[in-house]
Every structure is written in structure tokens, then in C-alpha cells.
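One file, upload.pdb, carrying PDB, C-alpha atoms:
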```
ATOM      1  CA  LEU A 222       0.000   0.000   0.000
ATOM      2  CA  HIS A 223       1.457   3.341  -1.040
ATOM      3  CA  THR A 224       0.157   6.641   0.314
ATOM      4  CA  PHE A 225       0.873   9.916  -1.448
ATOM      5  CA  LEU A 226       0.298  13.259   0.256
ATOM      6  CA  VAL A 227      -0.329  16.020  -2.261
ATOM      7  CA  HIS A 228      -0.225  19.699  -1.413
ATOM      8  CA  ILE A 229      -1.954  21.751  -4.089
ATOM      9  CA  GLN A 230      -1.288  25.430  -3.604
ATOM     10  CA  SER A 231      -2.813  28.079  -5.732
ATOM     11  CA  VAL A 232      -3.780  26.941  -9.198
ATOM     12  CA  CYS A 233      -1.669  24.128 -10.122
ATOM     13  CA  LEU A 234       1.968  24.038 -11.049
ATOM     14  CA  MET A 235       2.585  20.352 -10.434
ATOM     15  CA  LYS A 236       5.851  19.669  -8.665
ATOM     16  CA  SER A 237       6.621  16.281  -7.252
ATOM     17  CA  TYR A 238       9.406  15.714  -4.785
ATOM     18  CA  PHE A 239      10.608  12.325  -3.654
ATOM     19  CA  PHE A 240      12.244  12.633  -0.271
ATOM     20  CA  ASN A 241      13.795   9.682   1.562
ATOM     21  CA  PRO A 242      12.801   6.689  -0.588
ATOM     22  CA  ASP A 243      12.448   4.567   2.551
ATOM     23  CA  PHE A 244       9.914   6.985   4.003
ATOM     24  CA  SER A 245       6.215   6.634   3.356
ATOM     25  CA  PRO A 246       4.054   8.525   2.533
ATOM     26  CA  ARG A 247       5.559  10.450  -0.356
ATOM     27  CA  LEU A 248       4.845  14.151  -0.529
ATOM     28  CA  PHE A 249       3.948  16.049  -3.676
ATOM     29  CA  SER A 250       3.445  19.793  -3.950
ATOM     30  CA  LEU A 251       1.232  21.095  -6.769
ATOM     31  CA  THR A 252       1.587  24.835  -7.113
ATOM     32  CA  SER A 253       0.889  27.613  -9.518
ATOM     33  CA  SER A 254       0.402  26.374 -13.070
ATOM     34  CA  ASN A 255      -0.143  22.682 -13.794
ATOM     35  CA  ALA A 256       3.496  21.930 -14.608
ATOM     36  CA  THR A 257       4.854  18.723 -13.144
ATOM     37  CA  GLN A 258       8.176  18.158 -11.439
ATOM     38  CA  ARG A 259       9.619  14.947 -10.034
ATOM     39  CA  SER A 260      12.982  14.174  -8.504
ATOM     40  CA  THR A 261      14.819  12.155  -5.900
ATOM     41  CA  HIS A 262      16.914  15.221  -5.034
ATOM     42  CA  GLU A 263      16.507  18.100  -7.476
ATOM     43  CA  PRO A 264      13.134  18.767  -9.156
ATOM     44  CA  VAL A 265      12.878  17.871 -12.841
ATOM     45  CA  LEU A 266      10.241  19.625 -14.913
ATOM     46  CA  LEU A 267       7.773  17.285 -16.610
ATOM     47  CA  GLU A 268       5.016  19.626 -17.744
ATOM     48  CA  ARG A 269       4.213  23.337 -17.932
ATOM     49  CA  HIS A 270       1.381  25.414 -19.389
ATOM     50  CA  TYR A 271       1.814  29.116 -20.146
ATOM     51  CA  LEU A 272      -0.842  31.638 -21.015
ATOM     52  CA  PRO A 273      -0.643  32.617 -24.702
ATOM     53  CA  PRO A 274       1.457  35.823 -24.792
ATOM     54  CA  GLU A 275      -1.208  38.063 -26.314
ATOM     55  CA  THR A 276      -3.791  36.740 -23.854
ATOM     56  CA  ALA A 277      -1.356  37.402 -21.001
ATOM     57  CA  ARG A 278      -0.932  40.999 -22.160
ATOM     58  CA  GLU A 279      -4.699  41.559 -22.378
ATOM     59  CA  VAL A 280      -5.317  40.008 -18.967
ATOM     60  CA  PHE A 281      -2.507  42.100 -17.483
ATOM     61  CA  ALA A 282      -4.030  45.274 -18.955
ATOM     62  CA  LEU A 283      -7.360  44.483 -17.301
ATOM     63  CA  TYR A 284      -5.709  43.847 -13.945
ATOM     64  CA  ARG A 285      -4.022  47.254 -14.255
ATOM     65  CA  GLU A 286      -7.436  48.909 -14.147
ATOM     66  CA  TYR A 287      -7.750  47.857 -10.497
ATOM     67  CA  HIS A 288      -5.953  48.684  -7.270
ATOM     68  CA  GLY A 289      -4.362  45.852  -5.328
ATOM     69  CA  PRO A 290      -1.260  43.660  -5.051
ATOM     70  CA  LEU A 291      -0.818  41.896  -8.399
ATOM     71  CA  SER A 292       1.428  38.830  -8.498
ATOM     72  CA  ILE A 293       2.641  37.289 -11.746
ATOM     73  CA  PHE A 294       3.804  33.670 -11.523
ATOM     74  CA  SER A 295       6.573  32.336 -13.743
ATOM     75  CA  ASP A 296       8.921  29.383 -13.346
ATOM     76  CA  GLY A 297       7.692  28.664  -9.824
ATOM     77  CA  ARG A 298       8.248  32.246  -8.643
ATOM     78  CA  SER A 299       5.908  35.178  -8.108
ATOM     79  CA  TYR A 300       6.777  38.727  -9.165
ATOM     80  CA  LEU A 301       5.384  41.942  -7.688
ATOM     81  CA  ASP A 302       6.437  45.570  -7.896
ATOM     82  CA  GLY A 303       7.294  47.598  -4.802
ATOM     83  CA  ALA A 304       3.787  49.015  -4.410
ATOM     84  CA  GLY A 305       2.270  45.565  -4.742
ATOM     85  CA  MET A 306       4.626  44.126  -2.149
ATOM     86  CA  ALA A 307       3.716  46.916   0.299
ATOM     87  CA  LEU A 308       0.025  46.138  -0.167
ATOM     88  CA  PHE A 309       0.648  42.413   0.211
ATOM     89  CA  GLN A 310       2.660  42.969   3.399
ATOM     90  CA  ASP A 311      -0.215  45.040   4.753
ATOM     91  CA  ARG A 312      -2.532  42.088   4.119
ATOM     92  CA  HIS A 313      -0.057  39.912   6.006
ATOM     93  CA  ILE A 314      -0.087  42.310   8.967
ATOM     94  CA  GLN A 315      -3.892  42.437   8.911
ATOM     95  CA  ARG A 316      -3.968  38.634   8.424
ATOM     96  CA  HIS A 317      -6.525  38.900   5.642
ATOM     97  CA  SER A 318      -7.199  35.452   4.104
ATOM     98  CA  THR A 319      -5.268  32.211   4.557
ATOM     99  CA  GLU A 320      -2.785  33.303   1.885
ATOM    100  CA  ALA A 321      -1.923  36.385   3.928
ATOM    101  CA  ARG A 322      -1.210  34.234   6.979
ATOM    102  CA  GLN A 323       1.339  32.079   5.181
ATOM    103  CA  PRO A 324       5.015  32.950   5.751
ATOM    104  CA  ASP A 325       7.171  34.112   2.855
ATOM    105  CA  ASP A 326       8.782  30.977   1.398
ATOM    106  CA  GLY A 327      11.308  32.845  -0.712
ATOM    107  CA  ARG A 328       9.502  32.481  -4.039
ATOM    108  CA  THR A 329       8.373  36.132  -4.151
ATOM    109  CA  HIS A 330      10.576  38.588  -6.038
ATOM    110  CA  VAL A 331      10.155  42.358  -6.178
ATOM    111  CA  VAL A 332      10.766  43.976  -9.575
ATOM    112  CA  ARG A 333      11.155  47.654 -10.336
ATOM    113  CA  ASP A 334       8.338  47.816 -12.881
ATOM    114  CA  LEU A 335       5.769  45.110 -13.684
ATOM    115  CA  ASP A 336       4.952  46.704 -17.042
ATOM    116  CA  GLU A 337       8.605  46.462 -18.014
ATOM    117  CA  TRP A 338       8.744  42.856 -16.735
ATOM    118  CA  MET A 339       5.704  41.964 -18.851
ATOM    119  CA  SER A 340       7.264  43.542 -21.942
ATOM    120  CA  ARG A 341      10.020  40.919 -21.724
ATOM    121  CA  HIS A 342       8.230  37.926 -20.176
ATOM    122  CA  ALA A 343       4.645  37.850 -21.490
ATOM    123  CA  HIS A 344       5.434  34.485 -23.093
ATOM    124  CA  GLU A 345       6.413  33.013 -19.690
ATOM    125  CA  VAL A 346       3.335  33.806 -17.574
ATOM    126  CA  GLU A 347       1.865  30.838 -15.714
ATOM    127  CA  LYS A 348      -0.638  32.683 -13.531
ATOM    128  CA  PHE A 349      -1.873  36.086 -12.416
ATOM    129  CA  CYS A 350      -3.282  36.722  -8.942
ATOM    130  CA  MET A 351      -4.615  39.953  -7.441
ATOM    131  CA  PHE A 352      -6.270  40.776  -4.139
ATOM    132  CA  PHE A 353      -8.771  43.587  -4.619
ATOM    133  CA  ASP A 354      -9.837  46.358  -2.254
ATOM    134  CA  SER A 355     -13.172  44.691  -1.522
ATOM    135  CA  ILE A 356     -15.144  41.521  -2.177
ATOM    136  CA  GLU A 357     -17.607  43.515  -4.273
ATOM    137  CA  ILE A 358     -14.878  44.824  -6.584
ATOM    138  CA  ALA A 359     -13.408  41.333  -6.917
ATOM    139  CA  GLN A 360     -16.782  39.834  -7.842
ATOM    140  CA  ALA A 361     -17.345  42.486 -10.517
ATOM    141  CA  ALA A 362     -13.833  41.956 -11.880
ATOM    142  CA  LEU A 363     -14.333  38.174 -11.957
ATOM    143  CA  VAL A 364     -17.199  38.595 -14.429
ATOM    144  CA  ARG A 365     -14.936  40.609 -16.724
ATOM    145  CA  PHE A 366     -12.086  38.119 -16.543
ATOM    146  CA  ARG A 367     -14.374  35.185 -17.255
ATOM    147  CA  ALA A 368     -15.413  36.904 -20.485
ATOM    148  CA  PHE A 369     -11.887  36.330 -21.834
ATOM    149  CA  PRO A 370     -11.585  33.271 -24.124
ATOM    150  CA  GLY A 371      -8.810  30.794 -23.476
ATOM    151  CA  ILE A 372      -8.367  31.305 -19.738
ATOM    152  CA  GLU A 373      -9.519  29.975 -16.375
ATOM    153  CA  ALA A 374     -10.550  32.634 -13.826
ATOM    154  CA  VAL A 375     -11.188  31.452 -10.259
ATOM    155  CA  GLN A 376     -11.009  32.718  -6.701
ATOM    156  CA  GLY A 377      -8.836  31.423  -3.880
ATOM    157  CA  ALA A 378     -10.446  33.971  -1.551
ATOM    158  CA  PRO A 379     -13.581  36.127  -1.870
ATOM    159  CA  ASP A 380     -11.497  39.235  -2.629
ATOM    160  CA  ASN A 381      -9.108  37.812  -5.215
ATOM    161  CA  VAL A 382      -9.080  36.637  -8.835
ATOM    162  CA  GLU A 383      -6.573  34.143 -10.245
ATOM    163  CA  VAL A 384      -6.081  33.605 -13.987
ATOM    164  CA  THR A 385      -4.369  30.690 -15.743
ATOM    165  CA  ALA A 386      -4.498  29.199 -19.222
ATOM    166  CA  ALA A 387      -7.622  27.307 -20.244
ATOM    167  CA  GLY A 388      -7.668  23.781 -18.828
ATOM    168  CA  VAL A 389      -5.177  24.595 -16.070
ATOM    169  CA  ASP A 390      -6.860  23.850 -12.767
ATOM    170  CA  LYS A 391      -6.377  21.729  -9.676
ATOM    171  CA  GLY A 392      -8.622  18.970 -10.969
ATOM    172  CA  THR A 393      -6.604  18.531 -14.151
ATOM    173  CA  ALA A 394      -3.389  18.577 -12.129
ATOM    174  CA  LEU A 395      -4.641  16.004  -9.613
ATOM    175  CA  LEU A 396      -5.745  13.525 -12.283
ATOM    176  CA  ALA A 397      -2.567  14.033 -14.319
ATOM    177  CA  LEU A 398      -0.493  13.219 -11.260
ATOM    178  CA  ALA A 399      -2.697  10.228 -10.428
ATOM    179  CA  ASP A 400      -2.290   8.922 -13.987
ATOM    180  CA  TRP A 401       1.477   9.348 -13.774
ATOM    181  CA  LEU A 402       1.533   7.422 -10.493
ATOM    182  CA  GLY A 403      -0.824   4.741 -11.816
ATOM    183  CA  ILE A 404      -3.520   5.566  -9.256
ATOM    184  CA  PRO A 405      -7.163   5.260 -10.372
ATOM    185  CA  ARG A 406      -9.340   8.315  -9.924
ATOM    186  CA  GLU A 407     -11.522   6.438  -7.439
ATOM    187  CA  ALA A 408      -8.512   6.069  -5.121
ATOM    188  CA  THR A 409      -7.813   9.818  -4.905
ATOM    189  CA  LEU A 410      -9.010  12.133  -2.143
ATOM    190  CA  ALA A 411      -8.957  15.930  -2.280
ATOM    191  CA  ILE A 412      -9.397  18.413   0.574
ATOM    192  CA  GLY A 413     -10.426  21.977  -0.235
ATOM    193  CA  ASP A 414     -12.418  25.006   0.817
ATOM    194  CA  SER A 415     -12.281  27.588  -1.984
ATOM    195  CA  ASP A 416     -13.622  28.271  -5.461
ATOM    196  CA  ASN A 417     -10.244  27.365  -6.949
ATOM    197  CA  ASP A 418     -10.657  23.905  -5.359
ATOM    198  CA  ARG A 419     -13.932  23.266  -7.196
ATOM    199  CA  ALA A 420     -12.497  21.325 -10.162
ATOM    200  CA  MET A 421     -10.282  19.241  -7.871
ATOM    201  CA  LEU A 422     -13.153  18.327  -5.545
ATOM    202  CA  ALA A 423     -15.430  17.525  -8.479
ATOM    203  CA  ARG A 424     -12.908  15.127 -10.061
ATOM    204  CA  ALA A 425     -11.413  13.409  -7.018
ATOM    205  CA  GLY A 426     -12.645   9.994  -5.975
ATOM    206  CA  VAL A 427     -13.512  11.402  -2.550
ATOM    207  CA  ALA A 428     -14.164  15.114  -1.996
ATOM    208  CA  ALA A 429     -13.457  16.323   1.537
ATOM    209  CA  VAL A 430     -14.490  19.892   2.296
ATOM    210  CA  MET A 431     -13.576  22.168   5.170
ATOM    211  CA  ALA A 432     -16.237  23.597   7.464
ATOM    212  CA  ASN A 433     -15.313  27.154   6.456
ATOM    213  CA  ALA A 434     -16.037  26.538   2.757
ATOM    214  CA  LEU A 435     -18.682  28.492   0.889
ATOM    215  CA  PRO A 436     -22.063  26.704   0.616
ATOM    216  CA  GLU A 437     -21.570  25.881  -3.075
ATOM    217  CA  ILE A 438     -18.201  24.273  -2.285
ATOM    218  CA  ARG A 439     -19.590  22.413   0.742
ATOM    219  CA  ALA A 440     -22.217  20.953  -1.579
ATOM    220  CA  LEU A 441     -19.443  19.127  -3.474
ATOM    221  CA  GLY A 442     -18.224  17.318  -0.383
ATOM    222  CA  ASP A 443     -18.564  13.624   0.281
ATOM    223  CA  ILE A 444     -17.140  14.503   3.711
ATOM    224  CA  VAL A 445     -17.389  17.872   5.482
ATOM    225  CA  SER A 446     -15.301  18.662   8.556
ATOM    226  CA  THR A 447     -16.816  20.066  11.726
ATOM    227  CA  CYS A 448     -13.712  22.201  12.393
ATOM    228  CA  ASP A 449     -12.471  24.900  10.010
ATOM    229  CA  ASN A 450      -9.009  25.356   8.527
ATOM    230  CA  ASP A 451      -7.866  27.416  11.523
ATOM    231  CA  HIS A 452      -8.816  24.668  13.977
ATOM    232  CA  ASP A 453      -7.264  21.474  12.610
ATOM    233  CA  GLY A 454     -10.050  20.615  10.195
ATOM    234  CA  VAL A 455      -7.654  18.732   7.920
ATOM    235  CA  ALA A 456      -6.411  16.630  10.834
ATOM    236  CA  GLU A 457     -10.026  15.798  11.654
ATOM    237  CA  LEU A 458     -10.658  14.580   8.109
TER     238      LEU A 458
END
```
Write out the structure in this file as C-alpha cells.
Amino acid sequence: LHTFLVHIQSVCLMKSYFFNPDFSPRLFSLTSSNATQRSTHEPVLLERHYLPPETAREVFALYREYHGPLSIFSDGRSYLDGAGMALFQDRHIQRHSTEARQPDDGRTHVVRDLDEWMSRHAHEVEKFCMFFDSIEIAQAALVRFRAFPGIEAVQGAPDNVEVTAAGVDKGTALLALADWLGIPREATLAIGDSDNDRAMLARAGVAAVMANALPEIRALGDIVSTCDNDHDGVAEL
């Protein structure tokens, strides 16, 4: 019997890390953009999906109409400008959302000018993510983003919008990893609480949902915790 623990952060860059081969379970981390990495020591890229460059430019232009910390994900890193980092750090101080409570893991890089960065790297964008000034603004923006062809627009929190290429979501990443490992869909279990977990919960063999999830996400659950994600709900499940 082999057990695989999978951490899916954000919308789905698939990285797989084999640690001590004598240790079970194995741990996989799926982050950012549905690209897959596997290694015994150093990660080896197996798959990556970029936004089409012109689509990335158009999506970026729409984000620029709003105020908030905008992160651009590329090659497993996130890029913000100085103003965006200041806003993001303020969210961290205020402890807004689960993302804001996570410590900096070193993947965030501050650039002088995001417009200049995009002029050189539009062909390398894996994901955009912005936290807006209010839930109402985010909801209105989400409608506009979802009108774009060729993208996925989801929310990891009520006040944010995340954009990836069409077909890049946690559900696709989970099943791709399961196929690579030779695990049938029925033998997979996913735990989630947000809109960006919807595809993963819908496609997993067993969908486990946190108590703090929105009603429409709770409705997807085969199992729902009694404790939320701040009170060991995952351990309960």
C-alpha cells in the first residue's frame, strides 16, 4: 500500500518531490500552473502550461485597471512591484485570508516595474493573482475576466481573482499526477475550501471539504469537517 500526500497550492503548477525513498508517505506539492516536477533530489520539470502571450498581455491590462497587489507567476516564482509588495505585506499584517497568513517561502521577487517585466516575459506567464480592495470589486472583476476566451478565472479567496491558461486547474493537475503514479481516480481524495478547489473536488474519488467553505463548495463534499481550517479541520478529516 502506497500513500501519497499532495499539497496543491494556488492553481496548479505540479511539482513532485521524492524525499527519503524509505519513508512513506511520499509528498507532492502542486503549485501555480499545472506543470509537473519529479525528482529524488533536485526537481525535474515534466510539464508546464503558459498563457498565450497576447492573452497574457490583455489580462494584465485588465488587472491594471484595479488597485491591489498583483502577483505574476513564472517558473515557480511570483513577481510583484514595490507598491504591490507593500500592499501584500499590509494584508499579512492584517492577516486577511489564509494566503496572507502564510510565511514568505522565498519564491516572491520584487521587480522595479511590472509593465517592463511583462514587456520581456509575457510568453512566460503561468498565472496572475490579485487581491482587490473589496469583495464587491473582486466579484465584478471576476465577471470581466471570465469573459476572456482561453483562460480559467477562479477565486482562492472572496477578494481575489486568479487567472491561468484554459484547462489549467487543480482537478486537471490532480488527475494528471494520479495517472502518472498509476492511481485510479476512485482512489484519490482531495481536501479543499475555496472556489479554486472546485475542479479538484469535483474530479477526485472522494471530496473532503472544510467547514469554512462556501455553501456551493460544501455541496461538493462527500465529507465535510466540523472544524475549520484554523482549527485542525484537515487533521479531523
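Among the candidates A:Arg439, A:Arg419, A:Lys391, A:Arg365, the one nearest to Leu283 in chain A when counting only C-alpha atoms is A:Arg365.
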Answer as number ranges by chain, residues within 10 Å of (-21.3, 19.2, -3.9) using all atoms listed in the file: A: 419, 422-423, 428-430, 436-444
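Reported to one decimal place, the separation of CA of Thr329 in chain A from CA of Tyr300 in chain A is 5.9 Å.
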Protein/DNA/RNA residues near (7.7, 45.2, -14.2), cut 12 Å, all atoms listed in the file, as a PyMOL selection string: chain A and resi 281+285+291-293+299-305+330-343
Who sits within 6 Å of Met351 in chain A, all atoms listed in the file, same chain under 5 positions skipped, as a count of residues only: 4
Result set of the PyMOL selection byres ((chain A and resi 414) around 6) on the coordinates above, as a PyMOL selection string: chain A and resi 413+415+430-431+434
Write the residues of the selection above to a file with C-alpha atoms, as a PDB file, keeping the file's coordinate frame.
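And here is the file that came out, selection.pdb:
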```pdb
ATOM      1  CA  GLY A 413     -10.426  21.977  -0.235  1.00  0.00           C
ATOM      2  CA  SER A 415     -12.281  27.588  -1.984  1.00  0.00           C
ATOM      3  CA  VAL A 430     -14.490  19.892   2.296  1.00  0.00           C
ATOM      4  CA  MET A 431     -13.576  22.168   5.170  1.00  0.00           C
ATOM      5  CA  ALA A 434     -16.037  26.538   2.757  1.00  0.00           C
TER       6      ALA A 434
END
```
